[in-house]
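Pasted below: my_file21.pdb, PDB, C-alpha atoms.
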MODEL        1
ATOM      1  CA  MET A 161       0.000   0.000   0.000
ATOM      2  CA  THR A 162       1.153   3.548  -0.754
ATOM      3  CA  SER A 163       2.735   5.249   2.254
ATOM      4  CA  LEU A 164       1.923   8.940   2.695
ATOM      5  CA  LEU A 165       2.889  11.528   5.287
ATOM      6  CA  ALA A 166       0.403  14.378   5.609
ATOM      7  CA  ILE A 167       1.975  17.554   6.938
ATOM      8  CA  ALA A 168      -0.352  20.118   8.492
ATOM      9  CA  ASN A 169       0.492  23.710   9.289
ATOM     10  CA  SER A 170      -1.591  25.094  12.130
ATOM     11  CA  ASP A 171      -1.012  28.614  10.763
ATOM     12  CA  ALA A 172      -2.388  27.806   7.285
ATOM     13  CA  GLY A 173      -5.077  30.269   6.288
ATOM     14  CA  THR A 174      -8.159  28.013   6.014
ATOM     15  CA  SER A 175      -7.126  24.947   7.998
ATOM     16  CA  THR A 176      -9.392  23.466  10.688
ATOM     17  CA  ASP A 177      -9.162  20.174  12.565
ATOM     18  CA  GLU A 178     -12.456  19.029  11.035
ATOM     19  CA  LEU A 179     -11.290  19.761   7.495
ATOM     20  CA  VAL A 180      -7.961  18.009   8.062
ATOM     21  CA  GLU A 181      -9.788  14.918   9.333
ATOM     22  CA  ALA A 182     -12.078  14.911   6.295
ATOM     23  CA  VAL A 183      -9.057  15.065   3.986
ATOM     24  CA  LEU A 184      -7.298  12.259   5.862
ATOM     25  CA  ALA A 185     -10.377  10.047   5.602
ATOM     26  CA  ILE A 186     -10.282  10.392   1.810
ATOM     27  CA  LEU A 187      -6.545   9.781   1.570
ATOM     28  CA  ARG A 188      -6.856   6.628   3.679
ATOM     29  CA  HIS A 189      -9.072   4.996   1.062
ATOM     30  CA  GLY A 190      -5.982   4.368  -1.038
ATOM     31  CA  ALA A 191      -2.977   4.754   1.235
ATOM     32  CA  ASP A 192      -1.429   4.250   4.638
ATOM     33  CA  VAL A 193      -1.413   7.828   5.945
ATOM     34  CA  SER A 194       0.365   9.362   8.924
ATOM     35  CA  LEU A 195      -0.250  12.926  10.076
ATOM     36  CA  THR A 196       2.194  15.353  11.628
ATOM     37  CA  SER A 197       1.886  19.036  12.472
ATOM     38  CA  THR A 198       4.872  21.319  12.039
ATOM     39  CA  SER A 199       5.568  24.951  12.781
ATOM     40  CA  SER A 200       9.255  25.326  11.893
ATOM     41  CA  PRO A 201      11.970  23.952   9.585
ATOM     42  CA  ALA A 202      13.324  21.980  12.545
ATOM     43  CA  ASP A 203       9.942  20.279  12.960
ATOM     44  CA  LEU A 204       9.984  19.327   9.276
ATOM     45  CA  ASP A 205      13.462  17.854   9.564
ATOM     46  CA  VAL A 206      12.376  15.726  12.507
ATOM     47  CA  ALA A 207       9.249  14.552  10.677
ATOM     48  CA  LEU A 208      11.187  13.532   7.590
ATOM     49  CA  SER A 209      13.812  11.711   9.646
ATOM     50  CA  ALA A 210      11.057   9.757  11.399
ATOM     51  CA  HIS A 211       9.623   8.598   8.038
ATOM     52  CA  PRO A 212      12.539   7.389   5.897
ATOM     53  CA  ASP A 213      10.545   5.185   3.495
ATOM     54  CA  LEU A 214       7.712   7.357   2.197
ATOM     55  CA  ASP A 215       6.081   7.142  -1.211
ATOM     56  CA  GLY A 216       4.626  10.618  -0.934
ATOM     57  CA  ILE A 217       4.055  13.703   1.168
ATOM     58  CA  VAL A 218       0.782  15.606   1.256
ATOM     59  CA  VAL A 219       1.039  19.275   2.154
ATOM     60  CA  LEU A 220      -2.055  20.560   3.940
ATOM     61  CA  GLY A 221      -1.503  24.277   3.484
ATOM     62  CA  GLY A 222      -0.663  27.021   1.040
ATOM     63  CA  ASP A 223       2.305  28.287  -0.924
ATOM     64  CA  GLY A 224       4.395  28.871   2.184
ATOM     65  CA  SER A 225       3.785  25.352   3.478
ATOM     66  CA  LEU A 226       4.631  23.825   0.093
ATOM     67  CA  HIS A 227       7.804  25.926  -0.073
ATOM     68  CA  ALA A 228       8.903  24.749   3.378
ATOM     69  CA  VAL A 229       8.356  21.062   2.585
ATOM     70  CA  VAL A 230      10.161  21.217  -0.762
ATOM     71  CA  ALA A 231      13.074  23.063   0.849
ATOM     72  CA  ALA A 232      13.317  20.449   3.610
ATOM     73  CA  LEU A 233      13.215  17.571   1.123
ATOM     74  CA  ARG A 234      15.936  19.189  -0.992
ATOM     75  CA  THR A 235      18.147  19.711   2.066
ATOM     76  CA  ALA A 236      17.628  16.070   3.044
ATOM     77  CA  GLY A 237      18.480  14.885  -0.485
ATOM     78  CA  ARG A 238      15.041  13.270  -0.858
ATOM     79  CA  LEU A 239      13.338  15.575  -3.368
ATOM     80  CA  GLY A 240      13.485  12.988  -6.139
ATOM     81  CA  ASP A 241      12.338  10.111  -3.921
ATOM     82  CA  VAL A 242       8.779  11.139  -3.046
ATOM     83  CA  VAL A 243       5.709  12.448  -4.844
ATOM     84  CA  ILE A 244       4.259  15.649  -3.387
ATOM     85  CA  GLY A 245       0.561  16.319  -3.038
ATOM     86  CA  LEU A 246      -0.989  19.676  -2.224
ATOM     87  CA  VAL A 247      -4.322  20.263  -0.506
ATOM     88  CA  PRO A 248      -4.819  24.052  -0.727
ATOM     89  CA  LEU A 249      -5.464  25.323   2.788
ATOM     90  CA  GLY A 250      -3.477  28.562   2.623
ATOM     91  CA  THR A 251      -4.447  32.195   2.266
ATOM     92  CA  GLY A 252      -3.655  32.723  -1.412
ATOM     93  CA  ASN A 253      -3.098  29.212  -2.832
ATOM     94  CA  ASP A 254      -1.473  30.680  -5.924
ATOM     95  CA  PHE A 255       0.593  27.689  -7.024
ATOM     96  CA  ALA A 256      -2.411  25.429  -6.567
ATOM     97  CA  ALA A 257      -4.240  27.653  -9.047
ATOM     98  CA  THR A 258      -1.434  27.236 -11.596
ATOM     99  CA  LEU A 259      -1.746  23.457 -11.202
ATOM    100  CA  SER A 260      -5.552  23.732 -11.611
ATOM    101  CA  LEU A 261      -6.116  22.170  -8.199
ATOM    102  CA  PRO A 262      -9.629  22.723  -6.840
ATOM    103  CA  ASP A 263     -10.198  25.140  -3.967
ATOM    104  CA  ASP A 264     -12.250  22.470  -2.214
ATOM    105  CA  ALA A 265      -9.899  20.515   0.056
ATOM    106  CA  GLU A 266     -11.783  17.232  -0.209
ATOM    107  CA  LYS A 267     -11.789  17.391  -4.014
ATOM    108  CA  ALA A 268      -8.042  18.063  -3.913
ATOM    109  CA  ALA A 269      -7.596  14.974  -1.730
ATOM    110  CA  HIS A 270      -9.427  12.843  -4.305
ATOM    111  CA  ILE A 271      -6.896  14.020  -6.933
ATOM    112  CA  ILE A 272      -4.075  12.630  -4.791
ATOM    113  CA  VAL A 273      -5.903   9.310  -4.408
ATOM    114  CA  ALA A 274      -6.331   9.150  -8.216
ATOM    115  CA  GLY A 275      -2.528   9.136  -8.459
ATOM    116  CA  ARG A 276      -1.880  11.153 -11.642
ATOM    117  CA  THR A 277       1.506  12.898 -11.459
ATOM    118  CA  ARG A 278       3.534  15.533 -13.298
ATOM    119  CA  THR A 279       7.166  16.610 -13.100
ATOM    120  CA  ILE A 280       7.580  20.193 -11.877
ATOM    121  CA  ASP A 281      10.512  22.556 -12.280
ATOM    122  CA  LEU A 282      12.211  24.153  -9.300
ATOM    123  CA  ILE A 283      13.760  27.617  -9.085
ATOM    124  CA  ILE A 284      16.933  28.155  -7.046
ATOM    125  CA  ASP A 285      17.841  31.711  -6.083
ATOM    126  CA  GLY A 286      21.237  33.315  -5.528
ATOM    127  CA  ASP A 287      21.199  32.276  -1.860
ATOM    128  CA  ASP A 288      20.689  28.616  -2.883
ATOM    129  CA  GLU A 289      17.126  28.714  -1.581
ATOM    130  CA  VAL A 290      14.150  27.222  -3.413
ATOM    131  CA  VAL A 291      11.377  29.149  -5.121
ATOM    132  CA  ILE A 292       8.289  27.117  -5.931
ATOM    133  CA  ASN A 293       5.965  29.754  -7.328
ATOM    134  CA  ALA A 294       7.449  33.196  -7.986
ATOM    135  CA  ALA A 295       9.825  35.874  -6.774
ATOM    136  CA  HIS A 296       9.658  39.568  -7.530
ATOM    137  CA  ILE A 297      11.393  42.822  -6.663
ATOM    138  CA  GLY A 298      10.069  46.367  -6.859
ATOM    139  CA  ILE A 299       6.506  47.524  -6.275
ATOM    140  CA  GLY A 300       5.191  43.991  -5.801
ATOM    141  CA  ALA A 301       7.571  43.349  -2.933
ATOM    142  CA  GLU A 302       6.619  46.666  -1.364
ATOM    143  CA  ALA A 303       2.940  45.704  -1.655
ATOM    144  CA  ALA A 304       3.746  42.412   0.066
ATOM    145  CA  ALA A 305       5.476  44.320   2.860
ATOM    146  CA  ALA A 306       2.418  46.531   3.303
ATOM    147  CA  ALA A 307       0.109  43.494   3.240
ATOM    148  CA  ARG A 308       2.067  41.459   5.783
ATOM    149  CA  PRO A 309       0.397  42.873   8.922
ATOM    150  CA  LEU A 310      -3.006  42.688   7.201
ATOM    151  CA  LYS A 311      -2.820  39.122   5.885
ATOM    152  CA  LYS A 312      -3.777  37.365   9.108
ATOM    153  CA  ALA A 313      -6.771  39.582   9.737
ATOM    154  CA  LEU A 314      -8.040  40.061   6.191
ATOM    155  CA  GLY A 315      -6.874  36.937   4.338
ATOM    156  CA  PRO A 316      -6.560  37.408   0.561
ATOM    157  CA  LEU A 317      -8.086  40.894   0.906
ATOM    158  CA  GLY A 318      -4.915  41.899   2.756
ATOM    159  CA  TYR A 319      -2.951  41.575  -0.492
ATOM    160  CA  ALA A 320      -5.299  43.979  -2.253
ATOM    161  CA  VAL A 321      -5.187  46.535   0.572
ATOM    162  CA  GLY A 322      -1.390  46.318   0.633
ATOM    163  CA  ALA A 323      -1.251  46.855  -3.118
ATOM    164  CA  ILE A 324      -3.467  49.941  -2.855
ATOM    165  CA  VAL A 325      -1.360  51.436  -0.071
ATOM    166  CA  THR A 326       1.848  50.785  -1.986
ATOM    167  CA  GLY A 327       0.379  52.074  -5.219
ATOM    168  CA  LEU A 328      -0.646  55.381  -3.671
ATOM    169  CA  LYS A 329       2.779  55.835  -2.094
ATOM    170  CA  GLY A 330       4.597  54.795  -5.250
ATOM    171  CA  LEU A 331       2.856  56.835  -7.926
ATOM    172  CA  ARG A 332       5.694  59.357  -7.937
ATOM    173  CA  THR A 333       8.448  57.190  -6.505
ATOM    174  CA  PRO A 334      11.405  56.859  -8.905
ATOM    175  CA  GLY A 335      12.024  53.396 -10.271
ATOM    176  CA  ALA A 336      15.236  51.467  -9.796
ATOM    177  CA  ARG A 337      18.376  51.536 -11.934
ATOM    178  CA  LEU A 338      19.005  47.899 -12.804
ATOM    179  CA  GLU A 339      20.931  45.733 -15.232
ATOM    180  CA  ILE A 340      18.922  42.631 -16.064
ATOM    181  CA  SER A 341      20.343  39.665 -17.949
ATOM    182  CA  VAL A 342      18.555  36.496 -19.072
ATOM    183  CA  ASP A 343      20.808  33.589 -20.059
ATOM    184  CA  GLY A 344      23.697  36.052 -20.271
ATOM    185  CA  ASP A 345      21.935  38.491 -22.629
ATOM    186  CA  VAL A 346      21.464  41.943 -21.105
ATOM    187  CA  LEU A 347      18.003  43.391 -21.681
ATOM    188  CA  PRO A 348      17.899  46.853 -23.277
ATOM    189  CA  ARG A 349      18.521  49.425 -20.574
ATOM    190  CA  LYS A 350      15.488  51.496 -19.751
ATOM    191  CA  THR A 351      14.824  53.470 -16.601
ATOM    192  CA  PRO A 352      13.120  53.382 -14.294
ATOM    193  CA  VAL A 353      12.351  49.728 -13.590
ATOM    194  CA  ILE A 354       9.436  49.389 -11.201
ATOM    195  CA  GLN A 355       9.209  45.612 -11.069
ATOM    196  CA  VAL A 356      11.070  42.441 -12.032
ATOM    197  CA  ALA A 357       9.256  39.137 -11.598
ATOM    198  CA  VAL A 358      10.474  35.598 -12.226
ATOM    199  CA  GLY A 359       8.625  32.392 -11.667
ATOM    200  CA  ASN A 360       7.173  28.983 -12.319
ATOM    201  CA  GLY A 361       3.608  29.875 -11.346
ATOM    202  CA  ARG A 362       1.201  32.304 -12.937
ATOM    203  CA  PHE A 363      -0.314  33.908  -9.858
ATOM    204  CA  VAL A 364       0.778  35.878  -6.790
ATOM    205  CA  GLY A 365      -0.972  37.745  -4.009
ATOM    206  CA  GLY A 366      -4.123  35.665  -4.007
ATOM    207  CA  GLY A 367      -4.822  35.578  -7.734
ATOM    208  CA  ALA A 368      -2.959  38.353  -9.580
ATOM    209  CA  ALA A 369      -1.645  36.853 -12.848
ATOM    210  CA  LEU A 370       1.856  38.322 -12.609
ATOM    211  CA  LEU A 371       3.342  35.707 -14.974
ATOM    212  CA  PRO A 372       0.288  34.751 -17.030
ATOM    213  CA  GLN A 373       2.088  32.445 -19.469
ATOM    214  CA  ALA A 374       4.153  30.481 -16.938
ATOM    215  CA  ASP A 375       4.255  26.698 -17.258
ATOM    216  CA  PRO A 376       5.854  24.956 -14.250
ATOM    217  CA  SER A 377       6.951  22.013 -16.409
ATOM    218  CA  ASP A 378       8.537  23.721 -19.437
ATOM    219  CA  GLY A 379      12.085  23.893 -18.054
ATOM    220  CA  GLN A 380      12.176  27.688 -18.199
ATOM    221  CA  LEU A 381      11.706  30.708 -15.976
ATOM    222  CA  ASP A 382       9.158  33.299 -17.042
ATOM    223  CA  VAL A 383      10.494  36.832 -16.584
ATOM    224  CA  ALA A 384       8.432  40.045 -16.599
ATOM    225  CA  VAL A 385      10.086  43.466 -16.364
ATOM    226  CA  SER A 386       8.029  46.646 -16.085
ATOM    227  CA  TYR A 387       9.490  50.017 -17.052
ATOM    228  CA  THR A 388       6.283  51.967 -16.409
ATOM    229  CA  GLU A 389       7.034  55.613 -15.564
ATOM    230  CA  SER A 390       4.157  58.096 -15.246
ATOM    231  CA  PRO A 391       1.615  57.866 -12.408
ATOM    232  CA  MET A 392      -1.249  57.238 -14.838
ATOM    233  CA  ARG A 393       0.645  54.475 -16.612
ATOM    234  CA  ARG A 394       1.470  52.884 -13.262
ATOM    235  CA  ILE A 395      -2.232  52.803 -12.411
ATOM    236  CA  ALA A 396      -2.982  51.273 -15.805
ATOM    237  CA  TYR A 397      -0.190  48.748 -15.287
ATOM    238  CA  ALA A 398      -1.619  47.672 -11.913
ATOM    239  CA  ARG A 399      -5.031  47.171 -13.488
ATOM    240  CA  SER A 400      -3.567  45.133 -16.329
ATOM    241  CA  VAL A 401      -1.760  42.877 -13.840
ATOM    242  CA  ARG A 402      -5.094  42.060 -12.221
ATOM    243  CA  ARG A 403      -6.473  41.223 -15.684
ATOM    244  CA  GLY A 404      -3.381  39.207 -16.603
ATOM    245  CA  ASP A 405      -2.667  41.065 -19.859
ATOM    246  CA  HIS A 406       0.170  43.379 -18.792
ATOM    247  CA  HIS A 407       2.695  41.264 -20.708
ATOM    248  CA  ARG A 408       1.260  42.800 -23.894
ATOM    249  CA  ARG A 409       2.028  46.383 -22.843
ATOM    250  CA  ASP A 410       4.765  48.368 -24.593
ATOM    251  CA  ASP A 411       6.410  49.198 -21.244
ATOM    252  CA  VAL A 412       6.715  45.545 -20.186
ATOM    253  CA  VAL A 413       9.304  43.027 -21.403
ATOM    254  CA  TYR A 414       8.204  39.399 -21.072
ATOM    255  CA  VAL A 415      10.789  36.705 -21.846
ATOM    256  CA  ARG A 416      11.860  33.200 -20.813
ATOM    257  CA  GLY A 417      15.198  31.683 -19.901
ATOM    258  CA  SER A 418      17.044  29.332 -17.598
ATOM    259  CA  LYS A 419      19.071  31.935 -15.643
ATOM    260  CA  VAL A 420      18.304  35.492 -14.552
ATOM    261  CA  LEU A 421      20.651  38.012 -12.944
ATOM    262  CA  VAL A 422      19.644  41.465 -11.690
ATOM    263  CA  ARG A 423      22.182  44.032 -10.458
ATOM    264  CA  GLY A 424      21.781  47.632  -9.375
ATOM    265  CA  ASP A 425      19.880  49.501  -6.686
ATOM    266  CA  ALA A 426      19.255  47.514  -3.510
ATOM    267  CA  LEU A 427      15.676  46.231  -3.482
ATOM    268  CA  ARG A 428      13.606  43.942  -1.328
ATOM    269  CA  CYS A 429      12.452  40.645  -2.794
ATOM    270  CA  THR A 430       9.394  38.598  -2.011
ATOM    271  CA  SER A 431       9.973  34.914  -2.705
ATOM    272  CA  ASP A 432       6.967  32.587  -2.424
ATOM    273  CA  GLY A 433       5.422  35.258  -0.231
ATOM    274  CA  GLU A 434       8.396  35.636   2.118
ATOM    275  CA  LEU A 435      10.147  39.010   2.234
ATOM    276  CA  LYS A 436      13.910  39.341   2.030
ATOM    277  CA  GLU A 437      16.017  42.325   3.009
ATOM    278  CA  PRO A 438      17.179  44.740   0.256
ATOM    279  CA  GLN A 439      20.025  43.442  -1.912
ATOM    280  CA  ALA A 440      21.910  44.926  -4.836
ATOM    281  CA  GLU A 441      22.037  41.587  -6.671
ATOM    282  CA  HIS A 442      19.373  38.973  -7.247
ATOM    283  CA  ALA A 443      19.797  35.734  -9.189
ATOM    284  CA  TRP A 444      17.625  32.777 -10.116
ATOM    285  CA  ARG A 445      18.119  29.574 -12.110
ATOM    286  CA  ILE A 446      15.870  26.686 -13.075
ATOM    287  CA  GLU A 447      16.232  23.022 -12.191
ATOM    288  CA  ALA A 448      13.990  21.290 -14.722
ATOM    289  CA  GLY A 449      11.809  18.448 -13.480
ATOM    290  CA  ALA A 450      13.281  18.526  -9.994
ATOM    291  CA  LEU A 451      10.130  17.302  -8.248
ATOM    292  CA  THR A 452       7.004  15.296  -8.956
ATOM    293  CA  MET A 453       3.505  16.323  -7.849
ATOM    294  CA  TYR A 454      -0.006  14.890  -7.915
ATOM    295  CA  VAL A 455      -2.131  16.838 -10.402
ATOM    296  CA  PRO A 456      -5.657  16.696 -11.905
TER     297      PRO A 456
ENDMDL
END

Before anything else, please render the file you have as structure tokens.
Amino acid sequence: MTSLLAIANSDAGTSTDELVEAVLAILRHGADVSLTSTSSPADLDVALSAHPDLDGIVVLGGDGSLHAVVAALRTAGRLGDVVIGLVPLGTGNDFAATLSLPDDAEKAAHIIVAGRTRTIDLIIDGDDEVVINAAHIGIGAEAAAAARPLKKALGPLGYAVGAIVTGLKGLRTPGARLEISVDGDVLPRKTPVIQVAVGNGRFVGGGAALLPQADPSDGQLDVAVSYTESPMRRIAYARSVRRGDHHRRDDVVYVRGSKVLVRGDALRCTSDGELKEPQAEHAWRIEAGALTMYVP
């Protein structure tokens, strides 16, 4: 019988004990399932060490929970040994949306029982840390910073409020001076740059299609660079991001590649929803087919 370890995060946005039990009941129709709750990387390490012979891991949580599990598996050298399932119980569930996983947790559990899998690419940043969904610098990271204290209270609405606050502050804020290269080719220099996004997933911030053409299994990073300048064009850009058609704008460059390097003004980065301190250099590379996940 298939051996699964379900990992619950008590801080996940929509998780309840009753919902977790309902998911486990479904999973147990086709597998031997153990459950563990974790709240730190150390907890994950202990859980993985206690289960050395797993067929799969089921993440009961959102993008942050999935990120933590993948990072722990990579550190343990076990990323290629287990299949990963995701039951979306987070606040935004953006990567789940890219994979077309249902919002309903019990329906997502049935997908894992069905057993269909797909290889998924993995992004590694310049600090040798994993990125599952997307990373971005510029106005998006500032919106994430503004949304952070609101997320717990408002859920996905916190992202929108943070974006509004950041947008109002940033209408006249100068962009950054950056040199951006993709696979060694430097993009034409334009200033100011207000945002650089790279990723595997299409959505960030609870549903904004920041990288609308991303395919997490194509072996490439999607890269979107916005050079929007005037306040009115910045407003129009923000609206087009919500619609998912900003990549067609004349002040946005949308390309693909296997390596991305950004140098210049020190900027904060949000990576799978986690904020990093300002840095003058950011780098990302793709590891094609590094993990396997259950999918519809």

On this file, the PyMOL selection byres ((chain A and resi 240-250) around 6) gives some set of residues; write that set as a list in words.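 Applying the expression gives Ala172, Gly173, Thr174, Ser175, Asp215, Gly216, Ile217, Val218, Val219, Leu220, Gly221, Gly222, Arg238, Leu239, Thr251, Gly252, Asn253, Ala265, Ala268, Leu451, Thr452, Met453 and Tyr454 of chain A.
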
Find the axis-aligned box for stretch 401-406 of chain A, covering all its listed atoms and adding 5 Å on each side, and write its centre and edge lengths in Å to one decimal as AutoDock Vina command-line options.
--center_x -3.2 --center_y 41.3 --center_z -16.0 --size_x 16.6 --size_y 14.2 --size_z 17.6

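Take the PyMOL selection byres ((chain A and resi 298) around 9) and apply it to this file: it picks A:His296, A:Ile297, A:Ile299, A:Gly300, A:Ala301, A:Glu302, A:Ala303, A:Gly335, A:Ala336, A:Val353, A:Ile354, A:Gln355, A:Val356, A:Ala357, A:Leu427, A:Arg428, A:Cys429.
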
Contacts of stretch 412-420 of chain A within 6 Å, all atoms listed in the file, excl. fewer than 4 positions in-chain, as a list in words: Ser341, Val342, Asp343, Gln380, Leu381, Asp382, Val383, Ala384, Val385, Ser386, His407, Ala443, Trp444, Arg445 and Ile446 of chain A

Taking the file as shown, what set of residues would the PyMOL selection byres ((chain A and resi 273-280) around 9) give back, as number ranges by chain? A: 186-191, 243-244, 269-272, 281-282, 360, 376-379, 448-456

Next, dump the selected residues to file, keeping only C-alpha atoms, as a PDB file, in the coordinates of the input.
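Just written: out-v6.pdb:
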ATOM      1  CA  ILE A 186     -10.282  10.392   1.810  1.00  0.00           C
ATOM      2  CA  LEU A 187      -6.545   9.781   1.570  1.00  0.00           C
ATOM      3  CA  ARG A 188      -6.856   6.628   3.679  1.00  0.00           C
ATOM      4  CA  HIS A 189      -9.072   4.996   1.062  1.00  0.00           C
ATOM      5  CA  GLY A 190      -5.982   4.368  -1.038  1.00  0.00           C
ATOM      6  CA  ALA A 191      -2.977   4.754   1.235  1.00  0.00           C
ATOM      7  CA  VAL A 243       5.709  12.448  -4.844  1.00  0.00           C
ATOM      8  CA  ILE A 244       4.259  15.649  -3.387  1.00  0.00           C
ATOM      9  CA  ALA A 269      -7.596  14.974  -1.730  1.00  0.00           C
ATOM     10  CA  HIS A 270      -9.427  12.843  -4.305  1.00  0.00           C
ATOM     11  CA  ILE A 271      -6.896  14.020  -6.933  1.00  0.00           C
ATOM     12  CA  ILE A 272      -4.075  12.630  -4.791  1.00  0.00           C
ATOM     13  CA  ASP A 281      10.512  22.556 -12.280  1.00  0.00           C
ATOM     14  CA  LEU A 282      12.211  24.153  -9.300  1.00  0.00           C
ATOM     15  CA  ASN A 360       7.173  28.983 -12.319  1.00  0.00           C
ATOM     16  CA  PRO A 376       5.854  24.956 -14.250  1.00  0.00           C
ATOM     17  CA  SER A 377       6.951  22.013 -16.409  1.00  0.00           C
ATOM     18  CA  ASP A 378       8.537  23.721 -19.437  1.00  0.00           C
ATOM     19  CA  GLY A 379      12.085  23.893 -18.054  1.00  0.00           C
ATOM     20  CA  ALA A 448      13.990  21.290 -14.722  1.00  0.00           C
ATOM     21  CA  GLY A 449      11.809  18.448 -13.480  1.00  0.00           C
ATOM     22  CA  ALA A 450      13.281  18.526  -9.994  1.00  0.00           C
ATOM     23  CA  LEU A 451      10.130  17.302  -8.248  1.00  0.00           C
ATOM     24  CA  THR A 452       7.004  15.296  -8.956  1.00  0.00           C
ATOM     25  CA  MET A 453       3.505  16.323  -7.849  1.00  0.00           C
ATOM     26  CA  TYR A 454      -0.006  14.890  -7.915  1.00  0.00           C
ATOM     27  CA  VAL A 455      -2.131  16.838 -10.402  1.00  0.00           C
ATOM     28  CA  PRO A 456      -5.657  16.696 -11.905  1.00  0.00           C
TER      29      PRO A 456
END

Give the answer as one residue: which of A:Lys436, A:His442, A:Leu226, A:Leu184 has the shortest atom-to-atom distance to A:Leu204, using only C-alpha atoms?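 Of the candidates, the smallest distance to A:Leu204 is held by A:Leu226.
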
For A:Asp254, please output as a ChimeraX atom specification all residues within 8 Å (counting only C-alpha atoms; exclusion window: fewer than 3 positions along the same chain). /A:222-223,257-258,293,361-367

Go ahead and find all residues with at least one atom no further than 6 Å from (1.0, 9.2, 5.6) in the file's coordinates, using all atoms listed in the file; report them as a compact mmCIF listing (two decimals) with C-alpha atoms, keeping the file's coordinate frame.
# COMPACT_ATOMS: atom_id res chain seq x y z
CA SER A 163 2.74 5.25 2.25
CA LEU A 164 1.92 8.94 2.70
CA LEU A 165 2.89 11.53 5.29
CA ALA A 166 0.40 14.38 5.61
CA ASP A 192 -1.43 4.25 4.64
CA VAL A 193 -1.41 7.83 5.94
CA SER A 194 0.36 9.36 8.92
CA LEU A 195 -0.25 12.93 10.08

Can you measure atom CA of A:Ala232 to atom CA of A:Arg423 for me? One decimal in Å is fine.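 Distance between the two atoms: 28.9 Å.
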
Atom CA of A:Glu434 sits from atom CA of A:Leu214 at a separation of 28.3 Å

Using atom CA of A:Val229 and atom CA of A:Asn169 as the two end points, give the distance in Å to one decimal.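 Answer for the atom CA of A:Val229 to atom CA of A:Asn169 separation: 10.7 Å.
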
Nearest residue to A:Asp375 from the set A:Leu259, A:Gly433, A:Val230, A:Met161 (distances using all atoms listed in the file):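 Among the listed residues, A:Leu259 lies closest to A:Asp375.
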